[in-house]
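Encoded as structure tokens, the structure appears first; notes follow it.
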Amino acid sequence: MSTGYVYHELYGWHDTGTHASLVPADPRRGIQPFRHLENPEAKRRVHELVVATGLIDRLTRLAPRPATDDEILLVHTPGHLARLTSANDTGGDGGDGGTPFGRGGLDIARLATGGAIRAVEAVLDGEVDNAYALVRPPGHHAVPDSGMGFCMLANIAIAIRAARRSRGVERVAVVDVDVHHGNGTQTVFWEDPTVLALSLHQDRMFPPDSGHLTERGEGAGFGYTLNLPLPPGTGNGGYLEAARRVVLPALRRFRPDLVIIAAGFDANALDPLGRMMVTPRGYREITRVVLDAAADLCEGRVVAVHEGGYAPAYVPFCANAVIEVLAGVTEPLKEPFSFDNLGQQELQPHQDAAIKAAEELLGDI
């Protein structure tokens, strides 16, 4: 099994400024300069762990290239691209007031989107069996006319439409495991029955009024948006049950030509922006469910594109677990944290109820 790996040092140079966590520094208000929660540390440390453990030697490096205007405009409006372009020399915001970027920010966002495109093309071309794109900034919140939630460009959505145009891929399933709802992907493909937009996320987290069970798509796309909002505190047991009882049957019904995992790690047990308790073991098992399904349905064509995750000491072990599964590692890295003994790691009744509610919607795929 060959696994492609996309990373570029410039991803760590994406500048989100001196925010105090999520709030812009402002001495007049007593807000001391610090750093934005979306900073380079977590993803840089993922890459360094992959290198330090020798896992990199089992991967095929794939060099990213910048996404073109033409590719970006497959998803985004000319107005959104023009806004980002006009602020590229000075720095600005992605459009929602909460997505800051420094000088050259659009250049790096293009490289992140191009990294997702490169990973998808490499898998579709048979250059590698599957791939992991460790890109930054993330993308799954960006909507056609605006960035949102630290996301400047819709990396996965653009990669899907670019691959559809250049490689003729027809049916693509997106399995989003970020703790926040994949609203951008949902919006782009809301009326598209050839893209299954499936999101597992913390109920009513971010965006605040988004990701409900009742959001199903419209027109020909009805049923191909599937949300599973999970209760705060859901751990490995709940997530794995969701993977087995919702993700797996949804993929089997949809029969994709390609599966893309929106690999967010902010559902981890230490994340400051989520209230879930997933551990590396949980991410490992969820990935195995998806990979095994893809082996039966689409010759194992899986691409994981990195999204969120804001616990720099812990995210590397979560991401490493996913990459190991993709690469077929049989002796995984021993995870040094011992959070599997936290409460609610087994499926709880209220979590089971949420999963059952999503199971009832599978018939519309």
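Identifiers for the structure tokens are assigned positionally: chains receive A, B, ... in sequence, residues are indexed from 1 per chain, and ligands are indexed from 1 in the order shown.
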Those in stretch 142-291 of chain A with strand (DSSP E) from DSSP, as a PyMOL selection string: chain A and resi 172-176+195-202+225-230+258-263
Convert the current residue selection to file output with N, CA and C atoms, as a compact mmCIF listing (two decimals), in the first residue's frame.
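Below is the file that was written, again_10.txt:
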```
# COMPACT_ATOMS: atom_id res chain seq x y z
N VAL A 172 -18.33 11.42 -5.22
CA VAL A 172 -17.35 11.65 -4.17
C VAL A 172 -18.08 11.74 -2.82
N ALA A 173 -17.60 11.01 -1.85
CA ALA A 173 -18.13 11.10 -0.48
C ALA A 173 -17.14 11.85 0.39
N VAL A 174 -17.64 12.83 1.13
CA VAL A 174 -16.82 13.57 2.10
C VAL A 174 -17.27 13.17 3.50
N VAL A 175 -16.36 12.62 4.28
CA VAL A 175 -16.63 12.24 5.66
C VAL A 175 -15.87 13.22 6.55
N ASP A 176 -16.61 14.13 7.17
CA ASP A 176 -16.01 15.21 7.95
C ASP A 176 -16.08 14.85 9.43
N VAL A 195 -22.30 14.25 -4.73
CA VAL A 195 -21.40 14.42 -3.59
C VAL A 195 -22.17 14.16 -2.31
N LEU A 196 -21.73 13.19 -1.56
CA LEU A 196 -22.29 12.92 -0.25
C LEU A 196 -21.51 13.73 0.78
N ALA A 197 -22.17 14.69 1.40
CA ALA A 197 -21.54 15.54 2.41
C ALA A 197 -22.00 15.06 3.78
N LEU A 198 -21.15 14.28 4.45
CA LEU A 198 -21.49 13.65 5.72
C LEU A 198 -20.61 14.25 6.81
N SER A 199 -21.25 14.82 7.83
CA SER A 199 -20.49 15.51 8.88
C SER A 199 -20.86 14.96 10.25
N LEU A 200 -19.83 14.50 10.99
CA LEU A 200 -19.97 14.15 12.41
C LEU A 200 -19.36 15.29 13.21
N HIS A 201 -20.13 15.90 14.09
CA HIS A 201 -19.62 17.08 14.78
C HIS A 201 -20.33 17.25 16.13
N GLN A 202 -19.78 18.11 16.94
CA GLN A 202 -20.41 18.42 18.23
C GLN A 202 -21.65 19.25 17.97
N THR A 225 -26.92 15.36 1.80
CA THR A 225 -26.34 16.03 2.96
C THR A 225 -26.81 15.25 4.17
N LEU A 226 -25.89 14.77 4.96
CA LEU A 226 -26.23 13.97 6.14
C LEU A 226 -25.40 14.45 7.32
N ASN A 227 -26.08 14.99 8.32
CA ASN A 227 -25.42 15.49 9.51
C ASN A 227 -25.69 14.59 10.71
N LEU A 228 -24.67 14.40 11.51
CA LEU A 228 -24.81 13.66 12.76
C LEU A 228 -24.24 14.52 13.89
N PRO A 229 -25.09 15.39 14.47
CA PRO A 229 -24.64 16.19 15.61
C PRO A 229 -24.60 15.33 16.88
N LEU A 230 -23.42 15.21 17.45
CA LEU A 230 -23.22 14.36 18.62
C LEU A 230 -23.19 15.19 19.90
N LEU A 258 -14.58 7.93 -4.91
CA LEU A 258 -13.50 8.48 -4.10
C LEU A 258 -14.08 8.90 -2.76
N VAL A 259 -13.34 8.66 -1.69
CA VAL A 259 -13.74 9.13 -0.36
C VAL A 259 -12.70 10.14 0.13
N ILE A 260 -13.18 11.30 0.58
CA ILE A 260 -12.30 12.30 1.18
C ILE A 260 -12.68 12.46 2.65
N ILE A 261 -11.70 12.32 3.52
CA ILE A 261 -11.90 12.55 4.95
C ILE A 261 -11.48 13.97 5.26
N ALA A 262 -12.40 14.77 5.77
CA ALA A 262 -12.05 16.09 6.30
C ALA A 262 -11.51 15.84 7.71
N ALA A 263 -10.17 15.74 7.78
CA ALA A 263 -9.51 15.22 8.98
C ALA A 263 -9.26 16.34 9.98
```
What's around stretch 211-222 of chain A at 12 Å? Count only C-alpha atoms, leave out sequence neighbours fewer than 4 positions away in its own chain, and write the answer as a count of residues only. 49
Give me, as a JSON list (two decimals) with N, CA, C and O atoms, in the first residue's frame, all polymer residues having an atom no more than 12 Å from A:Gln32, counting only C-alpha atoms and skipping those fewer than 2 positions away in the same chain.
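After the write, selection.json holds the following:
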```json
[["chain", "number", "residue", "atom", "x", "y", "z"],
["A", 18, "THR", "N", -1.46, 38.40, 16.28],
["A", 18, "THR", "CA", -1.21, 38.38, 17.73],
["A", 18, "THR", "C", -2.52, 38.39, 18.52],
["A", 18, "THR", "O", -2.66, 39.11, 19.50],
["A", 19, "HIS", "N", -3.46, 37.63, 18.06],
["A", 19, "HIS", "CA", -4.72, 37.52, 18.79],
["A", 19, "HIS", "C", -4.46, 36.90, 20.17],
["A", 19, "HIS", "O", -3.54, 36.10, 20.34],
["A", 20, "ALA", "N", -5.29, 37.27, 21.12],
["A", 20, "ALA", "CA", -5.29, 36.60, 22.41],
["A", 20, "ALA", "C", -6.30, 35.46, 22.30],
["A", 20, "ALA", "O", -7.49, 35.62, 22.60],
["A", 21, "SER", "N", -5.84, 34.34, 21.78],
["A", 21, "SER", "CA", -6.68, 33.19, 21.49],
["A", 21, "SER", "C", -7.54, 33.49, 20.27],
["A", 21, "SER", "O", -7.11, 33.27, 19.15],
["A", 23, "VAL", "N", -9.43, 36.60, 20.13],
["A", 23, "VAL", "CA", -9.74, 38.03, 20.17],
["A", 23, "VAL", "C", -8.51, 38.83, 19.75],
["A", 23, "VAL", "O", -7.41, 38.58, 20.25],
["A", 24, "PRO", "N", -8.65, 39.79, 18.83],
["A", 24, "PRO", "CA", -7.49, 40.60, 18.43],
["A", 24, "PRO", "C", -6.88, 41.33, 19.62],
["A", 24, "PRO", "O", -7.59, 41.82, 20.51],
["A", 25, "ALA", "N", -5.55, 41.36, 19.65],
["A", 25, "ALA", "CA", -4.86, 42.08, 20.72],
["A", 25, "ALA", "C", -5.28, 43.55, 20.69],
["A", 25, "ALA", "O", -5.38, 44.16, 19.63],
["A", 26, "ASP", "N", -5.50, 44.12, 21.87],
["A", 26, "ASP", "CA", -5.90, 45.52, 21.97],
["A", 26, "ASP", "C", -5.56, 46.02, 23.37],
["A", 26, "ASP", "O", -6.34, 45.84, 24.31],
["A", 27, "PRO", "N", -4.37, 46.63, 23.55],
["A", 27, "PRO", "CA", -3.98, 47.10, 24.88],
["A", 27, "PRO", "C", -4.99, 48.06, 25.50],
["A", 27, "PRO", "O", -5.10, 48.15, 26.73],
["A", 28, "ARG", "N", -5.74, 48.78, 24.66],
["A", 28, "ARG", "CA", -6.73, 49.72, 25.19],
["A", 28, "ARG", "C", -7.83, 49.01, 25.94],
["A", 28, "ARG", "O", -8.49, 49.60, 26.80],
["A", 29, "ARG", "N", -8.05, 47.76, 25.60],
["A", 29, "ARG", "CA", -9.08, 46.97, 26.26],
["A", 29, "ARG", "C", -8.48, 45.95, 27.24],
["A", 29, "ARG", "O", -9.18, 45.08, 27.74],
["A", 30, "GLY", "N", -7.18, 46.07, 27.46],
["A", 30, "GLY", "CA", -6.52, 45.14, 28.37],
["A", 30, "GLY", "C", -6.23, 43.79, 27.75],
["A", 30, "GLY", "O", -5.95, 42.82, 28.46],
["A", 34, "PHE", "N", -0.86, 37.94, 22.17],
["A", 34, "PHE", "CA", -0.46, 36.55, 22.40],
["A", 34, "PHE", "C", -0.40, 35.87, 21.03],
["A", 34, "PHE", "O", 0.34, 36.30, 20.17],
["A", 35, "ARG", "N", -1.16, 34.83, 20.80],
["A", 35, "ARG", "CA", -1.21, 34.19, 19.48],
["A", 35, "ARG", "C", -2.60, 33.61, 19.24],
["A", 35, "ARG", "O", -3.30, 33.22, 20.18],
["A", 36, "HIS", "N", -2.97, 33.58, 18.00],
["A", 36, "HIS", "CA", -4.25, 33.03, 17.60],
["A", 36, "HIS", "C", -4.26, 31.53, 17.86],
["A", 36, "HIS", "O", -3.22, 30.86, 17.77]]
```
Mind listing the helix (DSSP H, G or I) residues of stretch 16-164 of chain A, per DSSP on the backbone, as an MDAnalysis selection string? chainID A and resid 27:29 41:52 55:58 69:72 78:86 105:124 155:164
Please provide as an MDAnalysis selection string all residues within 9 Å of A:Ile117, with the sequence filter that same-chain residues fewer than 4 positions apart are discarded (counting only C-alpha atoms). chainID A and resid 64:65 67 112:113 121:122 155:156 158:160 162:163
For the residues selected in the previous step, produce a file with N, CA and C atoms as a short mmCIF file (atom, residue, chain, number, x, y, z; two decimals), in the first residue's frame.
```cif
data_model
loop_
_atom_site.label_atom_id
_atom_site.label_comp_id
_atom_site.auth_asym_id
_atom_site.auth_seq_id
_atom_site.Cartn_x
_atom_site.Cartn_y
_atom_site.Cartn_z
N PRO A 64 3.05 20.12 -3.29
CA PRO A 64 1.87 20.91 -3.65
C PRO A 64 2.24 22.02 -4.63
N ARG A 65 1.23 22.52 -5.33
CA ARG A 65 1.43 23.70 -6.17
C ARG A 65 0.24 24.63 -5.93
N ALA A 67 -3.11 26.65 -6.19
CA ALA A 67 -4.35 26.60 -6.96
C ALA A 67 -4.47 27.84 -7.82
N ALA A 112 -2.30 25.65 -0.03
CA ALA A 112 -3.06 24.66 0.72
C ALA A 112 -4.11 23.99 -0.17
N THR A 113 -4.86 24.81 -0.89
CA THR A 113 -5.86 24.26 -1.81
C THR A 113 -5.19 23.41 -2.88
N GLU A 121 -5.56 14.18 -7.10
CA GLU A 121 -5.12 13.76 -8.43
C GLU A 121 -4.18 12.57 -8.37
N ALA A 122 -3.28 12.56 -7.37
CA ALA A 122 -2.33 11.45 -7.25
C ALA A 122 -3.05 10.13 -6.98
N ASN A 155 -10.86 24.13 0.53
CA ASN A 155 -9.86 23.23 -0.04
C ASN A 155 -10.46 21.97 -0.65
N ILE A 156 -11.29 21.27 0.12
CA ILE A 156 -11.85 20.00 -0.35
C ILE A 156 -12.83 20.21 -1.49
N ILE A 158 -13.04 22.62 -3.65
CA ILE A 158 -12.32 22.99 -4.87
C ILE A 158 -11.63 21.77 -5.47
N ALA A 159 -11.01 20.96 -4.61
CA ALA A 159 -10.32 19.76 -5.11
C ALA A 159 -11.30 18.81 -5.79
N ILE A 160 -12.51 18.70 -5.26
CA ILE A 160 -13.51 17.82 -5.88
C ILE A 160 -13.89 18.35 -7.26
N ALA A 162 -12.26 20.42 -9.17
CA ALA A 162 -11.11 20.38 -10.08
C ALA A 162 -10.90 18.97 -10.61
N ALA A 163 -11.03 17.98 -9.73
CA ALA A 163 -10.85 16.58 -10.15
C ALA A 163 -11.98 16.14 -11.08
#
```
Residue contacts of A:Val46 (12 Å, only C-alpha atoms) excluding same-chain residues fewer than 3 positions away, as a PDB file with N, CA, C and O atoms, in the first residue's frame:
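Output file around.pdb is given in full below:
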```pdb
ATOM      1  N   TYR A   7       2.957  18.119   2.255  1.00  0.00           N
ATOM      2  CA  TYR A   7       3.286  19.117   3.282  1.00  0.00           C
ATOM      3  C   TYR A   7       4.257  20.115   2.674  1.00  0.00           C
ATOM      4  O   TYR A   7       5.068  19.756   1.811  1.00  0.00           O
ATOM      5  N   GLY A  12       3.321  26.561   7.591  1.00  0.00           N
ATOM      6  CA  GLY A  12       3.610  27.081   8.927  1.00  0.00           C
ATOM      7  C   GLY A  12       3.830  28.572   8.951  1.00  0.00           C
ATOM      8  O   GLY A  12       3.908  29.173  10.024  1.00  0.00           O
ATOM      9  N   PRO A  40       0.709  27.872  13.807  1.00  0.00           N
ATOM     10  CA  PRO A  40       1.414  26.767  13.147  1.00  0.00           C
ATOM     11  C   PRO A  40       1.719  25.547  14.007  1.00  0.00           C
ATOM     12  O   PRO A  40       2.020  24.472  13.465  1.00  0.00           O
ATOM     13  N   GLU A  41       1.672  25.668  15.325  1.00  0.00           N
ATOM     14  CA  GLU A  41       2.272  24.657  16.180  1.00  0.00           C
ATOM     15  C   GLU A  41       1.727  23.251  15.973  1.00  0.00           C
ATOM     16  O   GLU A  41       2.485  22.289  15.832  1.00  0.00           O
ATOM     17  N   ALA A  42       0.412  23.087  15.980  1.00  0.00           N
ATOM     18  CA  ALA A  42      -0.145  21.731  15.916  1.00  0.00           C
ATOM     19  C   ALA A  42       0.273  21.017  14.634  1.00  0.00           C
ATOM     20  O   ALA A  42       0.725  19.866  14.663  1.00  0.00           O
ATOM     21  N   LYS A  43       0.152  21.697  13.497  1.00  0.00           N
ATOM     22  CA  LYS A  43       0.456  21.034  12.232  1.00  0.00           C
ATOM     23  C   LYS A  43       1.958  20.873  12.027  1.00  0.00           C
ATOM     24  O   LYS A  43       2.406  19.868  11.477  1.00  0.00           O
ATOM     25  N   LEU A  49       6.603  14.916  14.005  1.00  0.00           N
ATOM     26  CA  LEU A  49       6.438  13.578  14.567  1.00  0.00           C
ATOM     27  C   LEU A  49       6.513  12.531  13.461  1.00  0.00           C
ATOM     28  O   LEU A  49       7.144  11.470  13.639  1.00  0.00           O
ATOM     29  N   VAL A  50       5.891  12.812  12.332  1.00  0.00           N
ATOM     30  CA  VAL A  50       5.961  11.888  11.196  1.00  0.00           C
ATOM     31  C   VAL A  50       7.408  11.661  10.770  1.00  0.00           C
ATOM     32  O   VAL A  50       7.809  10.533  10.459  1.00  0.00           O
ATOM     33  N   VAL A  51       8.208  12.716  10.800  1.00  0.00           N
ATOM     34  CA  VAL A  51       9.619  12.594  10.427  1.00  0.00           C
ATOM     35  C   VAL A  51      10.412  11.892  11.527  1.00  0.00           C
ATOM     36  O   VAL A  51      11.196  10.962  11.271  1.00  0.00           O
ATOM     37  N   ALA A  52      10.221  12.314  12.776  1.00  0.00           N
ATOM     38  CA  ALA A  52      11.025  11.800  13.888  1.00  0.00           C
ATOM     39  C   ALA A  52      10.809  10.309  14.122  1.00  0.00           C
ATOM     40  O   ALA A  52      11.736   9.603  14.540  1.00  0.00           O
ATOM     41  N   THR A  53       9.606   9.816  13.869  1.00  0.00           N
ATOM     42  CA  THR A  53       9.324   8.392  14.090  1.00  0.00           C
ATOM     43  C   THR A  53       9.730   7.521  12.908  1.00  0.00           C
ATOM     44  O   THR A  53       9.676   6.289  13.003  1.00  0.00           O
ATOM     45  N   LEU A  55       8.065   7.418  10.157  1.00  0.00           N
ATOM     46  CA  LEU A  55       6.892   7.139   9.335  1.00  0.00           C
ATOM     47  C   LEU A  55       7.034   7.779   7.949  1.00  0.00           C
ATOM     48  O   LEU A  55       6.534   7.241   6.958  1.00  0.00           O
ATOM     49  N   ILE A  56       7.722   8.896   7.872  1.00  0.00           N
ATOM     50  CA  ILE A  56       7.907   9.594   6.599  1.00  0.00           C
ATOM     51  C   ILE A  56       8.545   8.677   5.548  1.00  0.00           C
ATOM     52  O   ILE A  56       8.293   8.821   4.348  1.00  0.00           O
ATOM     53  N   TYR A 132      -2.518  11.666   2.354  1.00  0.00           N
ATOM     54  CA  TYR A 132      -2.797  12.566   3.470  1.00  0.00           C
ATOM     55  C   TYR A 132      -2.230  13.934   3.107  1.00  0.00           C
ATOM     56  O   TYR A 132      -1.030  14.054   2.814  1.00  0.00           O
ATOM     57  N   ALA A 133      -3.079  14.960   3.135  1.00  0.00           N
ATOM     58  CA  ALA A 133      -2.646  16.326   2.834  1.00  0.00           C
ATOM     59  C   ALA A 133      -2.640  17.141   4.119  1.00  0.00           C
ATOM     60  O   ALA A 133      -3.701  17.495   4.647  1.00  0.00           O
ATOM     61  N   LEU A 134      -1.453  17.402   4.632  1.00  0.00           N
ATOM     62  CA  LEU A 134      -1.282  18.175   5.870  1.00  0.00           C
ATOM     63  C   LEU A 134      -1.171  19.653   5.485  1.00  0.00           C
ATOM     64  O   LEU A 134      -0.088  20.213   5.398  1.00  0.00           O
ATOM     65  N   VAL A 135      -2.322  20.271   5.228  1.00  0.00           N
ATOM     66  CA  VAL A 135      -2.343  21.625   4.682  1.00  0.00           C
ATOM     67  C   VAL A 135      -2.805  22.636   5.733  1.00  0.00           C
ATOM     68  O   VAL A 135      -3.447  22.285   6.722  1.00  0.00           O
ATOM     69  N   PHE A 265      -9.062  17.374  13.952  1.00  0.00           N
ATOM     70  CA  PHE A 265      -8.708  16.667  15.186  1.00  0.00           C
ATOM     71  C   PHE A 265      -9.092  17.459  16.433  1.00  0.00           C
ATOM     72  O   PHE A 265      -8.560  17.221  17.509  1.00  0.00           O
ATOM     73  N   HIS A 306      -6.262  17.611   6.039  1.00  0.00           N
ATOM     74  CA  HIS A 306      -6.229  18.105   7.414  1.00  0.00           C
ATOM     75  C   HIS A 306      -7.089  19.362   7.553  1.00  0.00           C
ATOM     76  O   HIS A 306      -7.039  20.257   6.720  1.00  0.00           O
ATOM     77  N   GLY A 309      -7.861  21.347  14.763  1.00  0.00           N
ATOM     78  CA  GLY A 309      -7.122  20.654  15.813  1.00  0.00           C
ATOM     79  C   GLY A 309      -6.172  21.627  16.477  1.00  0.00           C
ATOM     80  O   GLY A 309      -5.234  22.086  15.840  1.00  0.00           O
ATOM     81  N   TYR A 310      -6.421  21.961  17.765  1.00  0.00           N
ATOM     82  CA  TYR A 310      -5.760  23.112  18.381  1.00  0.00           C
ATOM     83  C   TYR A 310      -5.078  22.793  19.704  1.00  0.00           C
ATOM     84  O   TYR A 310      -4.847  23.674  20.511  1.00  0.00           O
ATOM     85  N   ALA A 311      -4.749  21.517  19.907  1.00  0.00           N
ATOM     86  CA  ALA A 311      -3.979  21.087  21.080  1.00  0.00           C
ATOM     87  C   ALA A 311      -2.622  20.625  20.569  1.00  0.00           C
ATOM     88  O   ALA A 311      -2.465  19.452  20.185  1.00  0.00           O
ATOM     89  N   PRO A 312      -1.626  21.503  20.533  1.00  0.00           N
ATOM     90  CA  PRO A 312      -0.359  21.179  19.851  1.00  0.00           C
ATOM     91  C   PRO A 312       0.352  19.940  20.375  1.00  0.00           C
ATOM     92  O   PRO A 312       1.037  19.259  19.612  1.00  0.00           O
ATOM     93  N   ALA A 313       0.202  19.619  21.664  1.00  0.00           N
ATOM     94  CA  ALA A 313       0.897  18.452  22.202  1.00  0.00           C
ATOM     95  C   ALA A 313       0.191  17.147  21.851  1.00  0.00           C
ATOM     96  O   ALA A 313       0.814  16.080  21.860  1.00  0.00           O
ATOM     97  N   TYR A 314      -1.105  17.223  21.540  1.00  0.00           N
ATOM     98  CA  TYR A 314      -1.911  16.014  21.384  1.00  0.00           C
ATOM     99  C   TYR A 314      -2.293  15.711  19.944  1.00  0.00           C
ATOM    100  O   TYR A 314      -2.347  14.550  19.529  1.00  0.00           O
ATOM    101  N   VAL A 315      -2.557  16.762  19.169  1.00  0.00           N
ATOM    102  CA  VAL A 315      -2.965  16.580  17.773  1.00  0.00           C
ATOM    103  C   VAL A 315      -1.976  15.716  16.984  1.00  0.00           C
ATOM    104  O   VAL A 315      -2.408  14.874  16.179  1.00  0.00           O
ATOM    105  N   PRO A 316      -0.648  15.880  17.172  1.00  0.00           N
ATOM    106  CA  PRO A 316       0.271  15.051  16.385  1.00  0.00           C
ATOM    107  C   PRO A 316       0.024  13.551  16.525  1.00  0.00           C
ATOM    108  O   PRO A 316       0.151  12.809  15.549  1.00  0.00           O
ATOM    109  N   PHE A 317      -0.346  13.093  17.711  1.00  0.00           N
ATOM    110  CA  PHE A 317      -0.587  11.659  17.906  1.00  0.00           C
ATOM    111  C   PHE A 317      -1.901  11.228  17.260  1.00  0.00           C
ATOM    112  O   PHE A 317      -2.018  10.095  16.782  1.00  0.00           O
ATOM    113  N   CYS A 318      -2.882  12.131  17.224  1.00  0.00           N
ATOM    114  CA  CYS A 318      -4.148  11.825  16.557  1.00  0.00           C
ATOM    115  C   CYS A 318      -3.942  11.717  15.049  1.00  0.00           C
ATOM    116  O   CYS A 318      -4.397  10.758  14.416  1.00  0.00           O
ATOM    117  N   ALA A 319      -3.255  12.694  14.472  1.00  0.00           N
ATOM    118  CA  ALA A 319      -3.009  12.673  13.032  1.00  0.00           C
ATOM    119  C   ALA A 319      -2.095  11.513  12.651  1.00  0.00           C
ATOM    120  O   ALA A 319      -2.299  10.854  11.623  1.00  0.00           O
ATOM    121  N   ASN A 320      -1.096  11.259  13.483  1.00  0.00           N
ATOM    122  CA  ASN A 320      -0.174  10.156  13.208  1.00  0.00           C
ATOM    123  C   ASN A 320      -0.924   8.822  13.137  1.00  0.00           C
ATOM    124  O   ASN A 320      -0.613   7.966  12.294  1.00  0.00           O
ATOM    125  N   ALA A 321      -1.924   8.662  13.997  1.00  0.00           N
ATOM    126  CA  ALA A 321      -2.707   7.423  13.995  1.00  0.00           C
ATOM    127  C   ALA A 321      -3.433   7.241  12.663  1.00  0.00           C
ATOM    128  O   ALA A 321      -3.487   6.137  12.114  1.00  0.00           O
ATOM    129  N   VAL A 322      -3.987   8.329  12.130  1.00  0.00           N
ATOM    130  CA  VAL A 322      -4.685   8.261  10.851  1.00  0.00           C
ATOM    131  C   VAL A 322      -3.710   7.925   9.726  1.00  0.00           C
ATOM    132  O   VAL A 322      -3.985   7.065   8.873  1.00  0.00           O
ATOM    133  N   ILE A 323      -2.556   8.585   9.716  1.00  0.00           N
ATOM    134  CA  ILE A 323      -1.575   8.340   8.655  1.00  0.00           C
ATOM    135  C   ILE A 323      -1.061   6.910   8.712  1.00  0.00           C
ATOM    136  O   ILE A 323      -0.859   6.258   7.677  1.00  0.00           O
TER     137      ILE A 323
END
```
A:Ala119, A:Gly223, A:Gly308, A:Gly274: which is nearest A:Asn39, counting only C-alpha atoms?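 Looking at the shortest contact to A:Asn39, the residue is A:Gly308.
Across the model, the gap from atom CA of A:Leu273 to atom CA of A:Leu251 is 28.6 Å.
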Contacts of A:Asn130 at 6 Å or less, counting only C-alpha atoms, minus same-chain residues fewer than 3 places along, as a PyMOL selection string? chain A and resi 3+123+301-303
File dump, residues just selected, N, CA and C atoms, as a tab-separated table (two decimals), in the first residue's frame:
```tsv
chain	number	residue	atom	x	y	z
A	3	THR	N	1.13	5.41	0.25
A	3	THR	CA	0.40	6.55	0.79
A	3	THR	C	1.12	7.84	0.43
A	123	VAL	N	-4.11	10.18	-6.18
A	123	VAL	CA	-4.87	8.96	-5.90
A	123	VAL	C	-5.67	8.54	-7.13
A	301	ARG	N	-9.61	4.15	-2.75
A	301	ARG	CA	-9.24	5.54	-3.03
A	301	ARG	C	-9.75	6.46	-1.92
A	302	VAL	N	-8.84	6.82	-1.02
A	302	VAL	CA	-9.14	7.68	0.12
A	302	VAL	C	-8.10	8.79	0.18
A	303	VAL	N	-8.58	10.01	0.37
A	303	VAL	CA	-7.70	11.16	0.60
A	303	VAL	C	-8.14	11.82	1.90
```
Quick one: residues within 7 Å of A:Leu297, only C-alpha atoms counted, chain neighbours fewer than 2 positions away excluded, as a PyMOL selection string? chain A and resi 255-256+293-295+299
Selected residues written out with C-alpha atoms, as a CSV table (one decimal), in the first residue's frame:
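The new file selection.csv reads:
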```
chain,number,residue,atom,x,y,z
A,255,ARG,CA,-21.0,3.8,-3.7
A,256,PRO,CA,-18.5,6.6,-4.2
A,293,ALA,CA,-15.3,0.5,3.1
A,294,ALA,CA,-13.3,2.2,0.4
A,295,ALA,CA,-11.4,-1.0,-0.3
A,299,GLU,CA,-10.5,0.3,-4.8
```
Measure the distance from atom CA of A:Pro144 to atom CA of A:Ala82 in Å and round it to one decimal.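 Distance between the two atoms: 12.5 Å.
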Could you tell me how far atom CA of A:Thr60 sits from atom CA of A:Leu10, in Å to one decimal place?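 Atom CA of A:Leu10 sits 19.1 Å away from atom CA of A:Thr60.
Nearest residue to A:Arg136, choosing from A:Leu62, A:Val305, A:Ile72, A:Ala242 and counting only C-alpha atoms: A:Val305.
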Using only C-alpha atoms, pick whichever of A:Leu124, A:Ser2, A:Gln344, A:Tyr224 has the shortest atom-to-atom distance to A:Cys298.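 Between A:Leu124, A:Ser2, A:Gln344, A:Tyr224, the residue approaching A:Cys298 most closely is A:Leu124.
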Shortest interatomic distance to A:Glu324 - which of A:Asp57, A:Asp15, A:Asp266, A:Asp89, counting only C-alpha atoms: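 The closest residue to A:Glu324 is A:Asp57.
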Using only C-alpha atoms: which of A:Arg58, A:His350, A:His76, A:Arg103 has the shortest distance to A:Ala131: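 Checking each candidate against A:Ala131, we get A:Arg58 as the closest.
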